[in-house]
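Q: Handing you this structure, nothing more for now.
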Amino acid sequence: MLPAPFDYHAPETTEETLALLDQLGDEGKVLAGGQSLIPMLKLRFASPGHLIDINRVQGLDFLDERDATLRIGPLFRHKAAERSSLLASRYPVMAEAARQVADPIIRNRGTIGGSLAHADPAGDWGSVMLAMDAEFVLRSKGGSRNVKARDFFSGPFGTTLQPNELLAEIHIPATRGRSGGAYMKLERKVGDFATVGVAVHLQMDDGKVRSAGIGLTAVGPQNIKAEKAEAALRGQALDDATIKEAAALAAAAADPTSDQRGSVEYKRNVVRVFTERGLKRARDRAREGARG
Amino acid sequence: MNRSITATVNGEKVSTEVEPRLLLVHFIRERLRLTGTHIGCDTSHCGACTVLLDGVPVKSCTVLAVQADGRQLTTVEAIGAGQLHPIQKAFKEEHGLQCGFCTPGMMLSSFALLADNPDPTEEEIRWALSGNICRCTGYMNIVKAVRSAAVQMKQAAAVPAGAVAGS
């Protein structure tokens, strides 16, 4: 399979990238890891006139934590997330999601930012970002704006990212004190898209939930933030009854469709079971100490 | 508009012009005539087209040839270089292939794994190869072959150069 013809640009700076995006408008498309975009081009689901390959821009593959914020650059690849000791110790929901994205070869190239901009409702990172209450910095030639993950996704493969904008940075509130997380994913085989995925992120204070984040993968037209379940957990001690109630609310927030991976009832039930298991796992991790 | 690229392929510099939409796997097979790299699914699933880009396994059906500009490419043709590499030898001895279609990709993923982790457990091998599909389902022997290659490479590394000839 061969993509439709396009012009190729390989800028070396962010400014050059933003100038190209500005100039090319609807016809320009950013190429990061390419592990979703290139298959889309080959299948002719997408045929932009121009590709702007950002792989030669230096310094876009960063992950750092400062001023109470975890910052991630647009070329930070799944593999780097999988191997990060910072994520393993302080952001377990990210470390667990990273190693379940696609397969190891895809993870060598694919990026978190690219995956978010692609906005596949079965993508894993969207749920993680919703659970962690992430914010995205969208830069354009004229300026920059911050958009919360919950306001970013707009239906299947849709986002509020404008054609002239680059998803330039991901900002996540840094964990502090006792925190825990988990990413639960059901897939038919390695490398398949999720049948169901659930991201859980907890911040605890004195044995009670200060904030809870729950994101759902592949059970709706976009990644879903289970806000009622999150609210039910806030301020609570995480006993089994509270967890069960939150899991039922998360299942109610899911809006799956029946397909070859399972029926509506089945997927909704997996959301319930995964939310329960994920919350218990996150709670145990917070107790064990993931301290900031 | 065509683009000029220069890449180092299996240690040799190659300069040529490519159409931006040309996939790396077609560049390797059709332009360079290195047909050891196979096209399997053509949809980024199977790993038959795996090559090393700057030492890192990538699916060459999901990378553009133009992206290899200034980079190092390694295909299965290079890993033996005149004689069988211990990985190739182990695949042969342990029956790590049946039809052989997935084998180049399997070996390149194994090559990168052993460079990174010279003594992997069975689980680590299975994890590292999980992006490569064998439709003969010969995974048992593939895993055995990688373990065997790890042991052989470790032994070879432990013997100082010239020690065998001098003994």
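We name chains A, B, ... following the order of the structure tokens; residues begin at 1 in each chain, and ligands are numbered from 1 as shown.
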Applying 9 Å and only C-alpha atoms, which residues near Leu97 in chain B remain after dropping the ones on its own chain fewer than 3 positions away? List them as a short mmCIF file (atom, residue, chain, number, x, y, z; two decimals) with C-alpha atoms, in the first residue's frame.
A:
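That gives us result-v5.cif:
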data_model
loop_
_atom_site.label_atom_id
_atom_site.label_comp_id
_atom_site.auth_asym_id
_atom_site.auth_seq_id
_atom_site.Cartn_x
_atom_site.Cartn_y
_atom_site.Cartn_z
CA PHE B 91 17.65 -20.35 14.92
CA LYS B 92 19.02 -23.08 12.66
CA GLU B 94 16.92 -24.97 17.58
CA GLY B 100 10.93 -18.71 7.47
CA PHE B 101 8.80 -15.72 6.55
CA CYS B 102 8.88 -14.04 9.97
CA THR B 103 12.50 -15.05 10.61
CA CYS B 134 4.94 -16.28 13.54
CA CYS B 136 3.50 -21.21 11.87
CA GLY B 138 6.67 -21.84 16.20
CA TYR B 139 7.21 -19.63 19.22
CA ASN B 141 11.58 -22.94 19.34
CA ILE B 142 12.07 -19.28 18.54
#
Q: Can you tell me, as an MDAnalysis selection string, what residues are no more than 7 Å from Glu19 in chain B when counting only C-alpha atoms, ignoring any on the same chain fewer than 4 positions away?
A: chainID B and resid 1:3
Q: Restricting it to N, CA, C and O atoms, dump the selection as a short mmCIF file (atom, residue, chain, number, x, y, z; two decimals), in the first residue's frame.
A:
data_model
loop_
_atom_site.label_atom_id
_atom_site.label_comp_id
_atom_site.auth_asym_id
_atom_site.auth_seq_id
_atom_site.Cartn_x
_atom_site.Cartn_y
_atom_site.Cartn_z
N MET B 1 7.43 16.26 -4.90
CA MET B 1 8.80 16.64 -5.18
C MET B 1 9.75 15.63 -4.53
O MET B 1 9.60 15.32 -3.36
N ASN B 2 10.67 15.09 -5.31
CA ASN B 2 11.61 14.11 -4.76
C ASN B 2 12.59 14.75 -3.78
O ASN B 2 12.87 15.94 -3.86
N ARG B 3 13.09 13.93 -2.88
CA ARG B 3 14.04 14.42 -1.89
C ARG B 3 15.31 13.59 -1.98
O ARG B 3 15.25 12.37 -2.19
#
Q: Could you pull the residues within 9 Å of Gly207 in chain A, counting only C-alpha atoms, minus those fewer than 6 positions along the same chain, as an mmCIF file with N, CA, C and O atoms, in the first residue's frame?
A:
data_model
loop_
_atom_site.group_PDB
_atom_site.id
_atom_site.type_symbol
_atom_site.label_atom_id
_atom_site.label_comp_id
_atom_site.auth_asym_id
_atom_site.auth_seq_id
_atom_site.Cartn_x
_atom_site.Cartn_y
_atom_site.Cartn_z
ATOM 1 N N ARG A 178 1.017 10.693 49.292
ATOM 2 C CA ARG A 178 0.695 9.328 48.883
ATOM 3 C C ARG A 178 -0.204 9.347 47.651
ATOM 4 O O ARG A 178 -1.264 9.948 47.657
ATOM 5 N N GLN A 236 -13.401 10.366 50.553
ATOM 6 C CA GLN A 236 -13.768 9.079 51.182
ATOM 7 C C GLN A 236 -12.534 8.275 51.558
ATOM 8 O O GLN A 236 -11.481 8.392 50.930
ATOM 9 N N ALA A 237 -12.722 7.440 52.590
ATOM 10 C CA ALA A 237 -11.735 6.386 52.825
ATOM 11 C C ALA A 237 -12.053 5.295 51.806
ATOM 12 O O ALA A 237 -13.211 5.101 51.460
ATOM 13 N N LEU A 238 -11.023 4.625 51.311
ATOM 14 C CA LEU A 238 -11.290 3.686 50.218
ATOM 15 C C LEU A 238 -11.646 2.301 50.739
ATOM 16 O O LEU A 238 -10.895 1.350 50.564
ATOM 17 N N ARG A 287 -0.745 3.173 49.604
ATOM 18 C CA ARG A 287 -0.406 2.773 50.985
ATOM 19 C C ARG A 287 1.043 2.328 51.092
ATOM 20 O O ARG A 287 1.718 2.628 52.071
#
Q: Quick one: pick out all helix (DSSP H, G or I) residues within range 113-255 of chain A from a backbone DSSP run and write them as a PyMOL selection string.
A: chain A and resi 113-118+124-131+149-152+227-233+240-253
Q: Can I get the selected residues back with N, CA, C and O atoms, as a compact mmCIF listing (two decimals), in the first residue's frame?
A:
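Output below, filename again_23.txt:
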# COMPACT_ATOMS: atom_id res chain seq x y z
N GLY A 113 2.31 12.21 22.55
CA GLY A 113 1.66 13.37 21.96
C GLY A 113 0.94 13.04 20.66
O GLY A 113 -0.19 13.48 20.42
N GLY A 114 1.59 12.23 19.84
CA GLY A 114 0.98 11.83 18.56
C GLY A 114 -0.28 11.02 18.79
O GLY A 114 -1.30 11.21 18.12
N SER A 115 -0.21 10.13 19.77
CA SER A 115 -1.36 9.30 20.09
C SER A 115 -2.54 10.16 20.54
O SER A 115 -3.69 9.93 20.15
N LEU A 116 -2.25 11.19 21.34
CA LEU A 116 -3.32 12.08 21.83
C LEU A 116 -3.92 12.90 20.68
O LEU A 116 -5.14 13.05 20.59
N ALA A 117 -3.05 13.41 19.80
CA ALA A 117 -3.54 14.21 18.69
C ALA A 117 -4.36 13.36 17.72
O ALA A 117 -5.31 13.84 17.09
N HIS A 118 -4.02 12.08 17.62
CA HIS A 118 -4.74 11.15 16.75
C HIS A 118 -6.14 10.87 17.33
O HIS A 118 -7.10 10.68 16.59
N ASP A 124 -4.96 4.42 24.39
CA ASP A 124 -4.78 4.28 25.83
C ASP A 124 -4.45 5.60 26.53
O ASP A 124 -4.89 5.85 27.64
N TRP A 125 -3.68 6.47 25.87
CA TRP A 125 -3.16 7.65 26.57
C TRP A 125 -4.24 8.67 26.90
O TRP A 125 -4.13 9.40 27.89
N GLY A 126 -5.28 8.74 26.07
CA GLY A 126 -6.34 9.71 26.35
C GLY A 126 -6.96 9.47 27.71
O GLY A 126 -7.18 10.41 28.49
N SER A 127 -7.22 8.19 28.03
CA SER A 127 -7.82 7.86 29.33
C SER A 127 -6.87 8.20 30.47
O SER A 127 -7.29 8.69 31.52
N VAL A 128 -5.59 7.93 30.24
CA VAL A 128 -4.59 8.23 31.27
C VAL A 128 -4.57 9.73 31.54
O VAL A 128 -4.55 10.18 32.69
N MET A 129 -4.61 10.53 30.47
CA MET A 129 -4.57 11.98 30.63
C MET A 129 -5.83 12.50 31.32
O MET A 129 -5.77 13.42 32.13
N LEU A 130 -6.98 11.90 30.99
CA LEU A 130 -8.22 12.31 31.66
C LEU A 130 -8.15 11.97 33.15
O LEU A 130 -8.55 12.78 34.00
N ALA A 131 -7.61 10.79 33.47
CA ALA A 131 -7.51 10.37 34.87
C ALA A 131 -6.55 11.28 35.63
O ALA A 131 -6.74 11.56 36.81
N ALA A 149 -7.42 18.17 29.24
CA ALA A 149 -7.69 16.93 28.50
C ALA A 149 -9.20 16.75 28.32
O ALA A 149 -9.66 16.33 27.26
N ARG A 150 -9.97 17.09 29.34
CA ARG A 150 -11.43 16.86 29.25
C ARG A 150 -12.10 17.75 28.21
O ARG A 150 -13.19 17.46 27.75
N ASP A 151 -11.42 18.84 27.81
CA ASP A 151 -11.98 19.71 26.77
C ASP A 151 -11.32 19.49 25.41
O ASP A 151 -11.64 20.19 24.45
N PHE A 152 -10.38 18.55 25.38
CA PHE A 152 -9.57 18.37 24.17
C PHE A 152 -10.25 17.41 23.17
O PHE A 152 -10.25 17.66 21.97
N GLU A 227 -16.69 11.12 35.60
CA GLU A 227 -16.70 12.19 36.61
C GLU A 227 -17.56 11.87 37.83
O GLU A 227 -17.22 12.24 38.95
N LYS A 228 -18.68 11.18 37.63
CA LYS A 228 -19.53 10.84 38.78
C LYS A 228 -18.81 9.86 39.70
O LYS A 228 -18.90 9.96 40.93
N ALA A 229 -18.10 8.91 39.10
CA ALA A 229 -17.35 7.95 39.91
C ALA A 229 -16.23 8.67 40.67
O ALA A 229 -15.99 8.39 41.85
N GLU A 230 -15.57 9.61 40.00
CA GLU A 230 -14.51 10.39 40.66
C GLU A 230 -15.07 11.16 41.86
O GLU A 230 -14.48 11.17 42.95
N ALA A 231 -16.23 11.80 41.64
CA ALA A 231 -16.83 12.62 42.70
C ALA A 231 -17.22 11.75 43.90
O ALA A 231 -17.11 12.18 45.05
N ALA A 232 -17.68 10.52 43.61
CA ALA A 232 -18.12 9.64 44.69
C ALA A 232 -16.95 9.21 45.57
O ALA A 232 -17.15 8.77 46.70
N LEU A 233 -15.75 9.32 45.03
CA LEU A 233 -14.57 8.87 45.80
C LEU A 233 -13.95 10.00 46.62
O LEU A 233 -13.29 9.76 47.62
N ASP A 240 -14.10 -1.12 50.70
CA ASP A 240 -14.57 -1.90 49.55
C ASP A 240 -15.94 -1.44 49.05
O ASP A 240 -16.21 -1.45 47.84
N ALA A 241 -16.79 -0.99 49.97
CA ALA A 241 -18.14 -0.56 49.55
C ALA A 241 -18.06 0.70 48.69
O ALA A 241 -18.75 0.82 47.67
N THR A 242 -17.18 1.63 49.07
CA THR A 242 -17.02 2.87 48.29
C THR A 242 -16.47 2.55 46.90
O THR A 242 -16.91 3.12 45.90
N ILE A 243 -15.52 1.63 46.89
CA ILE A 243 -14.93 1.24 45.60
C ILE A 243 -15.99 0.60 44.70
O ILE A 243 -16.08 0.91 43.50
N LYS A 244 -16.82 -0.25 45.26
CA LYS A 244 -17.88 -0.91 44.49
C LYS A 244 -18.85 0.12 43.91
O LYS A 244 -19.26 0.02 42.74
N GLU A 245 -19.17 1.12 44.70
CA GLU A 245 -20.10 2.15 44.24
C GLU A 245 -19.49 2.93 43.08
O GLU A 245 -20.14 3.18 42.06
N ALA A 246 -18.21 3.30 43.23
CA ALA A 246 -17.53 4.05 42.16
C ALA A 246 -17.45 3.21 40.90
O ALA A 246 -17.61 3.72 39.78
N ALA A 247 -17.20 1.91 41.06
CA ALA A 247 -17.08 1.02 39.89
C ALA A 247 -18.42 0.97 39.14
O ALA A 247 -18.45 0.98 37.90
N ALA A 248 -19.51 0.94 39.89
CA ALA A 248 -20.84 0.92 39.25
C ALA A 248 -21.08 2.23 38.50
O ALA A 248 -21.63 2.22 37.38
N LEU A 249 -20.64 3.34 39.08
CA LEU A 249 -20.82 4.65 38.41
C LEU A 249 -19.96 4.74 37.15
O LEU A 249 -20.39 5.32 36.15
N ALA A 250 -18.75 4.18 37.21
CA ALA A 250 -17.89 4.18 36.01
C ALA A 250 -18.53 3.35 34.91
O ALA A 250 -18.53 3.75 33.73
N ALA A 251 -19.09 2.20 35.29
CA ALA A 251 -19.75 1.34 34.28
C ALA A 251 -20.93 2.09 33.65
O ALA A 251 -21.16 1.99 32.44
N ALA A 252 -21.64 2.87 34.47
CA ALA A 252 -22.78 3.63 33.95
C ALA A 252 -22.31 4.74 33.00
O ALA A 252 -23.04 5.11 32.07
N ALA A 253 -21.09 5.26 33.22
CA ALA A 253 -20.56 6.33 32.37
C ALA A 253 -20.10 5.80 31.01
O ALA A 253 -19.98 6.55 30.04
Q: Residues of chain B within 9 Å of chain A, counting only C-alpha atoms - could you list those as a ChimeraX atom specification?
A: /B:1-3,19-23,42-45,47,50,56-59,61-64,66-67,109,127-132
Q: Let me make sure I understand: among B:Thr35, B:Thr121, B:Thr137, B:Ser148, which one has the smallest atom-to-atom distance to Ile87 in chain B if we use only C-alpha atoms?
A: B:Ser148
Q: Find the residue from A:His78, A:Arg145, A:Lys267, A:Arg83 that sits nearest to Glu165 in chain A; use only C-alpha atoms when measuring.
A: A:Arg145
Q: DSSP on the backbone: which residues in range 6-162 of chain B end up as strand (DSSP E or B)? Give the answer as a ChimeraX atom specification.
A: /B:6-9,12-18,23,50-53,56-59,64,72-74
